[in-house]
Amino acid sequence: PSYLRRAHPELATWEGFKDPANAALFAATPGGKGQFMHGDRSWIQYEEAIINNRGLDFEVVRLGSEEALLADLDRAYKQEQPILLYLWTPHWAHTLYDLVPVELPEATSASD
């Protein structure tokens, strides 16, 4: 969300997530891994590969449905808490929540 980006401009790119202090913003418990929220299990996703390939201290948390993901987003957004998730565009949630992208490097066969 944009409120998080304003507080932590280094999170504009994936490199900012390598900082253990920034990863800790997304942890459910102190000292735990940062959490990347994921919705429906049937969605094709590459979050784990990106996390592993970039050496990020995050884990993918599968919530089980788009509804659960949006509920988690709504809760975090109302409380201005950190949340990291993938939500495609266009999606109606972008009209309700001021979400900002994280810049990733261009995919190559070596970094897929």
# chains A, B, ... in the order shown; residues from 1 in each chain; ligands from 1
$ residues_around --residues "region 91-101 of chain A" --least-positions-apart "4" --cutoff "9 Å" --atoms "only C-alpha atoms" --output "count of residues only"
12
$ residues_around --residues "Asp72 (chain A)" --least-positions-apart "3" --cutoff "9 Å" --atoms "only C-alpha atoms" --output "compact mmCIF listing (two decimals) with N, CA, C and O atoms, in the first residue's frame"
# COMPACT_ATOMS: atom_id res chain seq x y z
N MET A 37 1.31 -12.66 1.16
CA MET A 37 -0.03 -13.22 1.19
C MET A 37 -0.48 -13.64 -0.22
O MET A 37 -0.28 -12.90 -1.19
N LEU A 63 -3.89 -18.23 1.63
CA LEU A 63 -5.12 -17.97 2.37
C LEU A 63 -6.29 -18.79 1.85
O LEU A 63 -7.29 -18.91 2.54
N GLU A 67 -11.37 -14.05 -1.73
CA GLU A 67 -12.11 -13.37 -0.68
C GLU A 67 -11.27 -13.24 0.59
O GLU A 67 -11.26 -12.18 1.24
N ALA A 68 -10.56 -14.30 0.95
CA ALA A 68 -9.71 -14.26 2.14
C ALA A 68 -8.56 -13.27 1.95
O ALA A 68 -8.21 -12.53 2.89
N LEU A 69 -7.98 -13.23 0.76
CA LEU A 69 -6.90 -12.30 0.47
C LEU A 69 -7.40 -10.86 0.58
O LEU A 69 -6.75 -10.01 1.20
N ARG A 75 -8.30 -5.53 6.19
CA ARG A 75 -7.93 -5.41 7.60
C ARG A 75 -6.63 -4.63 7.74
O ARG A 75 -6.53 -3.68 8.52
N ALA A 76 -5.61 -5.01 6.97
CA ALA A 76 -4.31 -4.34 7.06
C ALA A 76 -4.43 -2.88 6.63
O ALA A 76 -3.86 -1.99 7.28
N TYR A 77 -5.17 -2.63 5.57
CA TYR A 77 -5.29 -1.28 5.04
C TYR A 77 -5.97 -0.35 6.04
O TYR A 77 -5.52 0.77 6.26
N ILE A 83 1.48 -5.02 4.45
CA ILE A 83 0.98 -6.23 3.79
C ILE A 83 1.64 -6.31 2.42
O ILE A 83 1.83 -5.29 1.75
$ closest_residue --among "A:Leu11, A:Thr89, A:Glu106, A:Ala23" --to "Gly55 (chain A)" --atoms "only C-alpha atoms"
A:Ala23
$ residues_around --residues "Glu10 (chain A)" --least-positions-apart "5" --cutoff "12 Å" --atoms "only C-alpha atoms" --output "count of residues only"
12
$ residues_around --residues "Glu47 (chain A)" --least-positions-apart "2" --cutoff "10 Å" --atoms "only C-alpha atoms" --output "PyMOL selection string"
chain A and resi 36-38+44-45+49-53+58-60+85-86
$ select_by_dssp --residues "chain A" --states "strand (DSSP E)" --output "PyMOL selection string"
chain A and resi 34-38+58-62
$ closest_residue --among "A:Pro9, A:Pro90, A:Asp40, A:Trp14" --to "Leu104 (chain A)" --atoms "only C-alpha atoms"
A:Trp14
$ atom_distance --atom1 "CA of Val61 (chain A)" --atom2 "CA of Gly39 (chain A)"
8.4 Å
$ select_by_dssp --residues "chain A" --states "alpha helix (DSSP H)" --output "JSON, numbers by chain"
{"A": [2, 3, 4, 5, 6, 7, 20, 21, 22, 23, 24, 25, 47, 48, 49, 50, 51, 52, 53, 54, 66, 67, 68, 69, 70, 71, 72, 73, 74, 75, 76, 77, 78, 93, 94, 95, 96]}
$ write_last_selection --atoms "N, CA, C and O atoms" --output "short mmCIF file (atom, residue, chain, number, x, y, z; two decimals), in the first residue's frame"
data_model
loop_
_atom_site.label_atom_id
_atom_site.label_comp_id
_atom_site.auth_asym_id
_atom_site.auth_seq_id
_atom_site.Cartn_x
_atom_site.Cartn_y
_atom_site.Cartn_z
N SER A 2 0.31 2.35 -0.53
CA SER A 2 1.09 3.58 -0.66
C SER A 2 1.51 4.14 0.69
O SER A 2 2.58 4.75 0.79
N TYR A 3 0.72 3.93 1.75
CA TYR A 3 1.13 4.44 3.06
C TYR A 3 2.43 3.78 3.52
O TYR A 3 3.27 4.41 4.16
N LEU A 4 2.62 2.54 3.17
CA LEU A 4 3.85 1.84 3.54
C LEU A 4 5.03 2.34 2.69
O LEU A 4 6.13 2.52 3.19
N ARG A 5 4.78 2.56 1.41
CA ARG A 5 5.82 3.06 0.52
C ARG A 5 6.29 4.45 0.95
O ARG A 5 7.46 4.77 0.87
N ARG A 6 5.36 5.30 1.41
CA ARG A 6 5.76 6.62 1.88
C ARG A 6 6.69 6.51 3.09
O ARG A 6 7.66 7.26 3.21
N ALA A 7 6.39 5.58 3.98
CA ALA A 7 7.20 5.40 5.19
C ALA A 7 8.52 4.69 4.89
O ALA A 7 9.51 4.89 5.59
N PRO A 20 16.86 -7.12 6.45
CA PRO A 20 16.14 -7.88 7.48
C PRO A 20 15.13 -7.03 8.27
O PRO A 20 14.07 -7.53 8.65
N ALA A 21 15.44 -5.76 8.48
CA ALA A 21 14.50 -4.89 9.20
C ALA A 21 13.22 -4.68 8.40
O ALA A 21 12.12 -4.64 8.96
N ASN A 22 13.35 -4.59 7.08
CA ASN A 22 12.16 -4.43 6.24
C ASN A 22 11.38 -5.73 6.14
O ASN A 22 10.15 -5.71 6.18
N ALA A 23 12.07 -6.85 6.01
CA ALA A 23 11.37 -8.14 5.99
C ALA A 23 10.60 -8.34 7.29
O ALA A 23 9.48 -8.86 7.28
N ALA A 24 11.18 -7.88 8.39
CA ALA A 24 10.53 -8.04 9.70
C ALA A 24 9.21 -7.27 9.79
O ALA A 24 8.33 -7.64 10.57
N LEU A 25 9.06 -6.23 8.98
CA LEU A 25 7.79 -5.49 8.97
C LEU A 25 6.62 -6.40 8.61
O LEU A 25 5.49 -6.17 9.03
N GLU A 47 5.53 -16.47 -6.83
CA GLU A 47 6.05 -15.79 -5.65
C GLU A 47 7.19 -16.57 -4.99
O GLU A 47 8.22 -15.99 -4.64
N GLU A 48 7.01 -17.88 -4.81
CA GLU A 48 8.06 -18.66 -4.15
C GLU A 48 9.35 -18.66 -4.95
O GLU A 48 10.43 -18.55 -4.37
N ALA A 49 9.26 -18.76 -6.27
CA ALA A 49 10.47 -18.73 -7.10
C ALA A 49 11.15 -17.38 -7.00
O ALA A 49 12.38 -17.31 -6.89
N ILE A 50 10.39 -16.30 -7.02
CA ILE A 50 10.97 -14.97 -6.90
C ILE A 50 11.64 -14.81 -5.54
O ILE A 50 12.77 -14.33 -5.45
N ILE A 51 10.96 -15.23 -4.48
CA ILE A 51 11.51 -15.15 -3.13
C ILE A 51 12.81 -15.94 -3.03
O ILE A 51 13.82 -15.44 -2.54
N ASN A 52 12.79 -17.17 -3.51
CA ASN A 52 13.99 -18.02 -3.44
C ASN A 52 15.12 -17.49 -4.31
O ASN A 52 16.28 -17.45 -3.89
N ASN A 53 14.80 -17.10 -5.56
CA ASN A 53 15.83 -16.62 -6.48
C ASN A 53 16.48 -15.32 -6.02
O ASN A 53 17.63 -15.06 -6.35
N ARG A 54 15.75 -14.52 -5.27
CA ARG A 54 16.27 -13.23 -4.81
C ARG A 54 16.82 -13.31 -3.38
O ARG A 54 17.30 -12.33 -2.85
N GLU A 66 -9.64 -15.77 -3.04
CA GLU A 66 -9.53 -14.33 -3.30
C GLU A 66 -10.23 -13.55 -2.19
O GLU A 66 -9.74 -12.50 -1.76
N GLU A 67 -11.37 -14.05 -1.73
CA GLU A 67 -12.11 -13.37 -0.68
C GLU A 67 -11.27 -13.24 0.59
O GLU A 67 -11.26 -12.18 1.24
N ALA A 68 -10.56 -14.30 0.95
CA ALA A 68 -9.71 -14.26 2.14
C ALA A 68 -8.56 -13.27 1.95
O ALA A 68 -8.21 -12.53 2.89
N LEU A 69 -7.98 -13.23 0.76
CA LEU A 69 -6.90 -12.30 0.47
C LEU A 69 -7.40 -10.86 0.58
O LEU A 69 -6.75 -10.01 1.20
N LEU A 70 -8.55 -10.59 0.01
CA LEU A 70 -9.10 -9.23 0.05
C LEU A 70 -9.51 -8.85 1.47
O LEU A 70 -9.38 -7.68 1.86
N ALA A 71 -9.98 -9.79 2.26
CA ALA A 71 -10.31 -9.52 3.66
C ALA A 71 -9.05 -9.16 4.43
O ALA A 71 -9.05 -8.24 5.27
N ASP A 72 -7.96 -9.87 4.17
CA ASP A 72 -6.69 -9.59 4.83
C ASP A 72 -6.17 -8.21 4.41
O ASP A 72 -5.68 -7.45 5.24
N LEU A 73 -6.28 -7.90 3.13
CA LEU A 73 -5.90 -6.59 2.63
C LEU A 73 -6.73 -5.51 3.31
O LEU A 73 -6.19 -4.50 3.77
N ASP A 74 -8.03 -5.70 3.39
CA ASP A 74 -8.91 -4.71 3.99
C ASP A 74 -8.54 -4.46 5.46
O ASP A 74 -8.46 -3.31 5.90
N ARG A 75 -8.30 -5.53 6.19
CA ARG A 75 -7.93 -5.41 7.60
C ARG A 75 -6.63 -4.63 7.74
O ARG A 75 -6.53 -3.68 8.52
N ALA A 76 -5.61 -5.01 6.97
CA ALA A 76 -4.31 -4.34 7.06
C ALA A 76 -4.43 -2.88 6.63
O ALA A 76 -3.86 -1.99 7.28
N TYR A 77 -5.17 -2.63 5.57
CA TYR A 77 -5.29 -1.28 5.04
C TYR A 77 -5.97 -0.35 6.04
O TYR A 77 -5.52 0.77 6.26
N LYS A 78 -7.04 -0.80 6.65
CA LYS A 78 -7.75 0.02 7.63
C LYS A 78 -6.88 0.36 8.83
O LYS A 78 -7.04 1.41 9.44
N ALA A 93 -10.22 -3.90 -6.75
CA ALA A 93 -9.62 -3.51 -5.47
C ALA A 93 -8.70 -2.29 -5.62
O ALA A 93 -8.54 -1.52 -4.67
N HIS A 94 -8.13 -2.10 -6.81
CA HIS A 94 -7.26 -0.95 -7.02
C HIS A 94 -8.02 0.36 -6.97
O HIS A 94 -7.42 1.42 -6.76
N THR A 95 -9.33 0.34 -7.16
CA THR A 95 -10.12 1.56 -7.04
C THR A 95 -10.43 1.88 -5.58
O THR A 95 -10.70 3.02 -5.24
N LEU A 96 -10.38 0.88 -4.73
CA LEU A 96 -10.69 1.04 -3.31
C LEU A 96 -9.44 1.26 -2.46
O LEU A 96 -9.46 2.00 -1.48
#
$ atom_distance --atom1 "CA of Tyr46 (chain A)" --atom2 "CA of Ala27 (chain A)"
20.0 Å
$ atom_distance --atom1 "CA of Lys33 (chain A)" --atom2 "CA of Asp57 (chain A)"
5.5 Å
